[in-house]
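S.K.: File input_26.pdb below, PDB, N, CA and C atoms, pLDDT in the B column:
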ATOM      1  N   MET P   1       1.180  10.174   4.693  1.00 45.00           N
ATOM      2  CA  MET P   1       0.812   9.381   5.838  1.00 45.00           C
ATOM      3  C   MET P   1      -0.247  10.125   6.626  1.00 45.00           C
ATOM      4  N   SER P   2      -1.097   9.384   7.263  1.00 45.00           N
ATOM      5  CA  SER P   2      -2.190  10.025   7.988  1.00 45.00           C
ATOM      6  C   SER P   2      -2.468   9.302   9.296  1.00 45.00           C
ATOM      7  N   PRO P   3      -2.959  10.035  10.317  1.00 48.00           N
ATOM      8  CA  PRO P   3      -3.333   9.372  11.560  1.00 48.00           C
ATOM      9  C   PRO P   3      -4.616   8.585  11.365  1.00 48.00           C
ATOM     10  N   ILE P   4      -4.800   7.530  12.141  1.00 51.00           N
ATOM     11  CA  ILE P   4      -6.032   6.767  12.054  1.00 51.00           C
ATOM     12  C   ILE P   4      -6.744   6.797  13.390  1.00 51.00           C
ATOM     13  N   GLY P   5      -8.045   6.588  13.357  1.00 54.00           N
ATOM     14  CA  GLY P   5      -8.864   6.711  14.554  1.00 54.00           C
ATOM     15  C   GLY P   5      -9.057   5.404  15.293  1.00 54.00           C
ATOM     16  N   SER P   6     -10.065   5.392  16.171  1.00 56.00           N
ATOM     17  CA  SER P   6     -10.282   4.254  17.049  1.00 56.00           C
ATOM     18  C   SER P   6     -11.059   3.118  16.393  1.00 56.00           C
ATOM     19  N   GLY P   7     -11.605   3.307  15.200  1.00 60.00           N
ATOM     20  CA  GLY P   7     -12.374   2.262  14.545  1.00 60.00           C
ATOM     21  C   GLY P   7     -11.518   1.283  13.758  1.00 60.00           C
ATOM     22  N   VAL P   8     -10.335   1.005  14.236  1.00 57.00           N
ATOM     23  CA  VAL P   8      -9.376   0.152  13.541  1.00 57.00           C
ATOM     24  C   VAL P   8      -9.562  -1.295  13.986  1.00 57.00           C
ATOM     25  N   PRO P   9      -9.539  -2.245  13.055  1.00 68.00           N
ATOM     26  CA  PRO P   9      -9.611  -3.654  13.449  1.00 68.00           C
ATOM     27  C   PRO P   9      -8.354  -4.066  14.222  1.00 68.00           C
ATOM     28  N   HIS P  10      -8.366  -5.274  14.754  1.00 81.00           N
ATOM     29  CA  HIS P  10      -7.184  -5.792  15.463  1.00 81.00           C
ATOM     30  C   HIS P  10      -5.971  -5.711  14.543  1.00 81.00           C
ATOM     31  N   LEU P  11      -4.872  -5.219  15.063  1.00 86.00           N
ATOM     32  CA  LEU P  11      -3.648  -5.074  14.273  1.00 86.00           C
ATOM     33  C   LEU P  11      -2.598  -6.066  14.768  1.00 86.00           C
ATOM     34  N   ASP P  12      -1.948  -6.741  13.836  1.00 86.00           N
ATOM     35  CA  ASP P  12      -0.852  -7.659  14.159  1.00 86.00           C
ATOM     36  C   ASP P  12       0.458  -6.897  14.010  1.00 86.00           C
ATOM     37  N   TRP P  13       0.973  -6.383  15.135  1.00 85.00           N
ATOM     38  CA  TRP P  13       2.180  -5.547  15.112  1.00 85.00           C
ATOM     39  C   TRP P  13       3.440  -6.396  15.003  1.00 85.00           C
ATOM     40  N   HIS P  14       4.406  -5.894  14.232  1.00 85.00           N
ATOM     41  CA  HIS P  14       5.712  -6.539  14.059  1.00 85.00           C
ATOM     42  C   HIS P  14       6.795  -5.496  14.280  1.00 85.00           C
ATOM     43  N   LYS P  15       7.793  -5.832  15.084  1.00 83.00           N
ATOM     44  CA  LYS P  15       8.914  -4.914  15.324  1.00 83.00           C
ATOM     45  C   LYS P  15       9.915  -5.014  14.184  1.00 83.00           C
ATOM     46  N   SER P  16      10.605  -3.931  13.974  1.00 75.00           N
ATOM     47  CA  SER P  16      11.668  -3.901  12.984  1.00 75.00           C
ATOM     48  C   SER P  16      12.746  -4.918  13.347  1.00 75.00           C
ATOM     49  N   THR P  17      13.271  -5.592  12.345  1.00 74.00           N
ATOM     50  CA  THR P  17      14.363  -6.537  12.603  1.00 74.00           C
ATOM     51  C   THR P  17      15.633  -5.814  13.025  1.00 74.00           C
ATOM     52  N   TYR P  18      15.709  -4.518  12.773  1.00 71.00           N
ATOM     53  CA  TYR P  18      16.877  -3.739  13.160  1.00 71.00           C
ATOM     54  C   TYR P  18      16.837  -3.291  14.619  1.00 71.00           C
ATOM     55  N   SER P  19      15.728  -3.528  15.316  1.00 70.00           N
ATOM     56  CA  SER P  19      15.634  -3.092  16.711  1.00 70.00           C
ATOM     57  C   SER P  19      16.492  -3.954  17.631  1.00 70.00           C
ATOM     58  N   GLN P  20      16.777  -5.181  17.235  1.00 69.00           N
ATOM     59  CA  GLN P  20      17.650  -6.090  17.984  1.00 69.00           C
ATOM     60  C   GLN P  20      17.268  -6.190  19.453  1.00 69.00           C
ATOM     61  N   GLY P  21      15.972  -6.235  19.738  1.00 66.00           N
ATOM     62  CA  GLY P  21      15.512  -6.389  21.103  1.00 66.00           C
ATOM     63  C   GLY P  21      15.540  -5.134  21.945  1.00 66.00           C
ATOM     64  N   LEU P  22      15.924  -4.018  21.366  1.00 66.00           N
ATOM     65  CA  LEU P  22      15.945  -2.757  22.103  1.00 66.00           C
ATOM     66  C   LEU P  22      14.531  -2.234  22.273  1.00 66.00           C
ATOM     67  N   GLU P  23      14.330  -1.352  23.223  1.00 69.00           N
ATOM     68  CA  GLU P  23      12.996  -0.829  23.487  1.00 69.00           C
ATOM     69  C   GLU P  23      12.566   0.244  22.502  1.00 69.00           C
ATOM     70  N   GLN P  24      13.494   0.886  21.850  1.00 70.00           N
ATOM     71  CA  GLN P  24      13.166   1.955  20.909  1.00 70.00           C
ATOM     72  C   GLN P  24      13.125   1.378  19.503  1.00 70.00           C
ATOM     73  N   CYS P  25      11.925   1.173  18.999  1.00 81.00           N
ATOM     74  CA  CYS P  25      11.838   0.605  17.667  1.00 81.00           C
ATOM     75  C   CYS P  25      10.553   1.031  16.977  1.00 81.00           C
ATOM     76  N   VAL P  26      10.525   0.781  15.699  1.00 84.00           N
ATOM     77  CA  VAL P  26       9.363   1.052  14.875  1.00 84.00           C
ATOM     78  C   VAL P  26       8.619  -0.268  14.692  1.00 84.00           C
ATOM     79  N   GLU P  27       7.289  -0.191  14.765  1.00 88.00           N
ATOM     80  CA  GLU P  27       6.463  -1.369  14.537  1.00 88.00           C
ATOM     81  C   GLU P  27       5.495  -1.072  13.399  1.00 88.00           C
ATOM     82  N   ILE P  28       5.226  -2.090  12.592  1.00 89.00           N
ATOM     83  CA  ILE P  28       4.208  -1.962  11.549  1.00 89.00           C
ATOM     84  C   ILE P  28       3.223  -3.117  11.707  1.00 89.00           C
ATOM     85  N   ALA P  29       2.031  -2.909  11.209  1.00 90.00           N
ATOM     86  CA  ALA P  29       1.029  -3.971  11.139  1.00 90.00           C
ATOM     87  C   ALA P  29       0.763  -4.225   9.663  1.00 90.00           C
ATOM     88  N   ASP P  30       0.832  -5.474   9.257  1.00 83.00           N
ATOM     89  CA  ASP P  30       0.691  -5.767   7.830  1.00 83.00           C
ATOM     90  C   ASP P  30      -0.557  -6.583   7.506  1.00 83.00           C
ATOM     91  N   ASN P  31      -1.539  -6.544   8.394  1.00 85.00           N
ATOM     92  CA  ASN P  31      -2.742  -7.335   8.126  1.00 85.00           C
ATOM     93  C   ASN P  31      -3.915  -6.505   7.596  1.00 85.00           C
ATOM     94  N   ILE P  32      -3.658  -5.279   7.157  1.00 84.00           N
ATOM     95  CA  ILE P  32      -4.686  -4.456   6.518  1.00 84.00           C
ATOM     96  C   ILE P  32      -4.181  -4.146   5.105  1.00 84.00           C
ATOM     97  N   PRO P  33      -4.781  -4.749   4.077  1.00 83.00           N
ATOM     98  CA  PRO P  33      -4.241  -4.609   2.719  1.00 83.00           C
ATOM     99  C   PRO P  33      -4.205  -3.181   2.175  1.00 83.00           C
ATOM    100  N   SER P  34      -5.131  -2.327   2.590  1.00 88.00           N
ATOM    101  CA  SER P  34      -5.236  -0.994   1.978  1.00 88.00           C
ATOM    102  C   SER P  34      -4.349   0.059   2.613  1.00 88.00           C
ATOM    103  N   ARG P  35      -3.720  -0.243   3.750  1.00 90.00           N
ATOM    104  CA  ARG P  35      -2.836   0.734   4.402  1.00 90.00           C
ATOM    105  C   ARG P  35      -1.885   0.017   5.362  1.00 90.00           C
ATOM    106  N   ILE P  36      -0.783   0.696   5.669  1.00 91.00           N
ATOM    107  CA  ILE P  36       0.231   0.154   6.569  1.00 91.00           C
ATOM    108  C   ILE P  36       0.253   1.017   7.826  1.00 91.00           C
ATOM    109  N   PRO P  37      -0.268   0.519   8.960  1.00 91.00           N
ATOM    110  CA  PRO P  37      -0.153   1.256  10.217  1.00 91.00           C
ATOM    111  C   PRO P  37       1.292   1.204  10.725  1.00 91.00           C
ATOM    112  N   ILE P  38       1.790   2.336  11.211  1.00 91.00           N
ATOM    113  CA  ILE P  38       3.167   2.470  11.688  1.00 91.00           C
ATOM    114  C   ILE P  38       3.128   3.159  13.041  1.00 91.00           C
ATOM    115  N   ARG P  39       3.928   2.672  13.999  1.00 89.00           N
ATOM    116  CA  ARG P  39       3.967   3.326  15.309  1.00 89.00           C
ATOM    117  C   ARG P  39       5.345   3.169  15.943  1.00 89.00           C
ATOM    118  N   ASP P  40       5.617   4.041  16.879  1.00 84.00           N
ATOM    119  CA  ASP P  40       6.779   3.941  17.753  1.00 84.00           C
ATOM    120  C   ASP P  40       6.368   3.000  18.880  1.00 84.00           C
ATOM    121  N   SER P  41       7.193   2.050  19.243  1.00 78.00           N
ATOM    122  CA  SER P  41       6.813   1.063  20.246  1.00 78.00           C
ATOM    123  C   SER P  41       6.563   1.665  21.624  1.00 78.00           C
ATOM    124  N   LYS P  42       7.071   2.869  21.875  1.00 78.00           N
ATOM    125  CA  LYS P  42       6.880   3.506  23.176  1.00 78.00           C
ATOM    126  C   LYS P  42       5.672   4.431  23.220  1.00 78.00           C
ATOM    127  N   ARG P  43       5.025   4.646  22.097  1.00 77.00           N
ATOM    128  CA  ARG P  43       3.891   5.579  22.038  1.00 77.00           C
ATOM    129  C   ARG P  43       2.667   4.866  21.492  1.00 77.00           C
ATOM    130  N   SER P  44       1.502   5.338  21.870  1.00 74.00           N
ATOM    131  CA  SER P  44       0.279   4.692  21.406  1.00 74.00           C
ATOM    132  C   SER P  44      -0.226   5.265  20.081  1.00 74.00           C
ATOM    133  N   HIS P  45       0.268   6.429  19.669  1.00 83.00           N
ATOM    134  CA  HIS P  45      -0.174   7.041  18.419  1.00 83.00           C
ATOM    135  C   HIS P  45       0.399   6.288  17.234  1.00 83.00           C
ATOM    136  N   MET P  46      -0.355   6.290  16.154  1.00 87.00           N
ATOM    137  CA  MET P  46       0.132   5.660  14.949  1.00 87.00           C
ATOM    138  C   MET P  46      -0.247   6.490  13.740  1.00 87.00           C
ATOM    139  N   ILE P  47       0.448   6.251  12.657  1.00 91.00           N
ATOM    140  CA  ILE P  47       0.137   6.859  11.373  1.00 91.00           C
ATOM    141  C   ILE P  47      -0.051   5.723  10.378  1.00 91.00           C
ATOM    142  N   THR P  48      -0.595   6.030   9.229  1.00 91.00           N
ATOM    143  CA  THR P  48      -0.715   5.016   8.185  1.00 91.00           C
ATOM    144  C   THR P  48      -0.087   5.522   6.899  1.00 91.00           C
ATOM    145  N   ALA P  49       0.328   4.582   6.091  1.00 93.00           N
ATOM    146  CA  ALA P  49       0.856   4.891   4.767  1.00 93.00           C
ATOM    147  C   ALA P  49       0.172   3.977   3.764  1.00 93.00           C
ATOM    148  N   GLN P  50      -0.005   4.475   2.562  1.00 94.00           N
ATOM    149  CA  GLN P  50      -0.486   3.619   1.482  1.00 94.00           C
ATOM    150  C   GLN P  50       0.600   2.586   1.206  1.00 94.00           C
ATOM    151  N   PRO P  51       0.241   1.359   0.858  1.00 92.00           N
ATOM    152  CA  PRO P  51       1.271   0.334   0.613  1.00 92.00           C
ATOM    153  C   PRO P  51       2.331   0.763  -0.403  1.00 92.00           C
ATOM    154  N   GLU P  52       1.919   1.465  -1.461  1.00 93.00           N
ATOM    155  CA  GLU P  52       2.885   1.903  -2.478  1.00 93.00           C
ATOM    156  C   GLU P  52       3.880   2.910  -1.888  1.00 93.00           C
ATOM    157  N   SER P  53       3.388   3.793  -1.027  1.00 91.00           N
ATOM    158  CA  SER P  53       4.262   4.782  -0.386  1.00 91.00           C
ATOM    159  C   SER P  53       5.240   4.101   0.567  1.00 91.00           C
ATOM    160  N   TRP P  54       4.760   3.107   1.292  1.00 89.00           N
ATOM    161  CA  TRP P  54       5.622   2.378   2.233  1.00 89.00           C
ATOM    162  C   TRP P  54       6.737   1.649   1.490  1.00 89.00           C
ATOM    163  N   VAL P  55       6.398   1.005   0.388  1.00 90.00           N
ATOM    164  CA  VAL P  55       7.397   0.293  -0.413  1.00 90.00           C
ATOM    165  C   VAL P  55       8.445   1.275  -0.935  1.00 90.00           C
ATOM    166  N   ALA P  56       8.005   2.434  -1.414  1.00 88.00           N
ATOM    167  CA  ALA P  56       8.939   3.447  -1.907  1.00 88.00           C
ATOM    168  C   ALA P  56       9.819   3.982  -0.787  1.00 88.00           C
ATOM    169  N   PHE P  57       9.254   4.172   0.396  1.00 85.00           N
ATOM    170  CA  PHE P  57      10.012   4.644   1.553  1.00 85.00           C
ATOM    171  C   PHE P  57      11.097   3.641   1.942  1.00 85.00           C
ATOM    172  N   ILE P  58      10.740   2.380   2.036  1.00 86.00           N
ATOM    173  CA  ILE P  58      11.714   1.336   2.382  1.00 86.00           C
ATOM    174  C   ILE P  58      12.790   1.227   1.312  1.00 86.00           C
ATOM    175  N   ALA P  59      12.407   1.322   0.047  1.00 88.00           N
ATOM    176  CA  ALA P  59      13.389   1.279  -1.031  1.00 88.00           C
ATOM    177  C   ALA P  59      14.371   2.431  -0.944  1.00 88.00           C
ATOM    178  N   ALA P  60      13.871   3.616  -0.619  1.00 86.00           N
ATOM    179  CA  ALA P  60      14.745   4.792  -0.470  1.00 86.00           C
ATOM    180  C   ALA P  60      15.697   4.610   0.707  1.00 86.00           C
ATOM    181  N   LEU P  61      15.198   4.056   1.814  1.00 83.00           N
ATOM    182  CA  LEU P  61      16.080   3.786   2.953  1.00 83.00           C
ATOM    183  C   LEU P  61      17.176   2.795   2.589  1.00 83.00           C
ATOM    184  N   ARG P  62      16.792   1.738   1.932  1.00 82.00           N
ATOM    185  CA  ARG P  62      17.784   0.712   1.541  1.00 82.00           C
ATOM    186  C   ARG P  62      18.816   1.291   0.572  1.00 82.00           C
ATOM    187  N   ALA P  63      18.375   2.119  -0.354  1.00 84.00           N
ATOM    188  CA  ALA P  63      19.283   2.711  -1.335  1.00 84.00           C
ATOM    189  C   ALA P  63      20.296   3.614  -0.649  1.00 84.00           C
ATOM    190  N   SER P  64      19.849   4.412   0.304  1.00 80.00           N
ATOM    191  CA  SER P  64      20.784   5.313   0.978  1.00 80.00           C
ATOM    192  C   SER P  64      21.717   4.540   1.892  1.00 80.00           C
ATOM    193  N   THR P  65      21.253   3.461   2.480  1.00 59.00           N
ATOM    194  CA  THR P  65      22.085   2.630   3.348  1.00 59.00           C
ATOM    195  C   THR P  65      23.135   1.884   2.533  1.00 59.00           C
ATOM    196  N   LEU P  66      22.728   1.387   1.394  1.00 48.00           N
ATOM    197  CA  LEU P  66      23.623   0.582   0.581  1.00 48.00           C
ATOM    198  C   LEU P  66      24.608   1.421  -0.231  1.00 48.00           C
ATOM    199  N   SER P  67      24.278   2.678  -0.490  1.00 48.00           N
ATOM    200  CA  SER P  67      25.157   3.507  -1.322  1.00 48.00           C
ATOM    201  C   SER P  67      26.320   4.099  -0.540  1.00 48.00           C
ATOM    202  N   GLY P  68      26.278   4.057   0.786  1.00 48.00           N
ATOM    203  CA  GLY P  68      27.337   4.667   1.582  1.00 48.00           C
ATOM    204  C   GLY P  68      28.283   3.686   2.035  1.00 48.00           C
TER     205      GLY P  68
END
Written as structure tokens, how would this file's structure read?
M.R.:
Amino acid sequence: MSPIGSGVPHLDWHKSTYSQGLEQCVEIADNIPSRIPIRDSKRSHMITAQPESWVAFIAALRASTLSG
């Protein structure tokens, strides 16, 4: 994952469905095909992940959640 600069196009942010309306949540923008911007809803900084890395990360989270 890498930080991105100010030359970013408009991002369509989406909150995690697990945030349940709470203020502390993770947001992603999915309107840039080549990378996935990720941020904490309380902070302005963001990082990006390659789509393949993001899919693998989510799969690993689901696997650990479902195995316990």
S.K.: Excluding Ser34 of chain P and any residue of its chain fewer than 4 positions from it, enumerate the residues within 6.5 Å of it, using all atoms listed in the file, and give them as a PyMOL selection string.
M.R.: chain P and resi 49-51
S.K.: So how many Å separate atom CA of Ala56 of chain P and atom CA of Asp12 of chain P, to one decimal?
M.R.: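 Computing the Euclidean distance for atom CA of Ala56 of chain P and atom CA of Asp12 of chain P yields 21.8 Å.
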S.K.: Write out as a list in words all residues of segment 20-61 of chain P that DSSP puts in strand (DSSP E or B) for this structure's backbone.
M.R.: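 Of segment 20-61 of chain P, the ones in strand (DSSP E or B) are Val26, Glu27, Ile28, Ala29, Ile36, Pro37, Ile38, Arg39, Asp40, Met46, Ile47, Thr48 and Ala49 of chain P.
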S.K.: The PyMOL selection byres ((chain P and resi 39-44) around 7) on the file shown: which residues, as a PyMOL selection string?
M.R.: chain P and resi 23-29+37-38+45-47
S.K.: Suppose you want the space between atom CA of His14 of chain P and atom CA of Asp30 of chain P; what is it in Å?
M.R.: 8.0 Å
S.K.: Hey, can you check how far atom C of Glu52 of chain P sits from atom CA of His10 of chain P?
M.R.: 22.3 Å
S.K.: Report as lines of an AutoDock Vina configuration file the centre and the edge lengths, in Å to one decimal, of the axis-aligned box holding every listed atom of segment 24-32 of chain P, padded by 4 Å on each side.
M.R.:
center_x = 4.4
center_y = -2.7
center_z = 13.5
size_x = 26.2
size_y = 17.3
size_z = 24.7
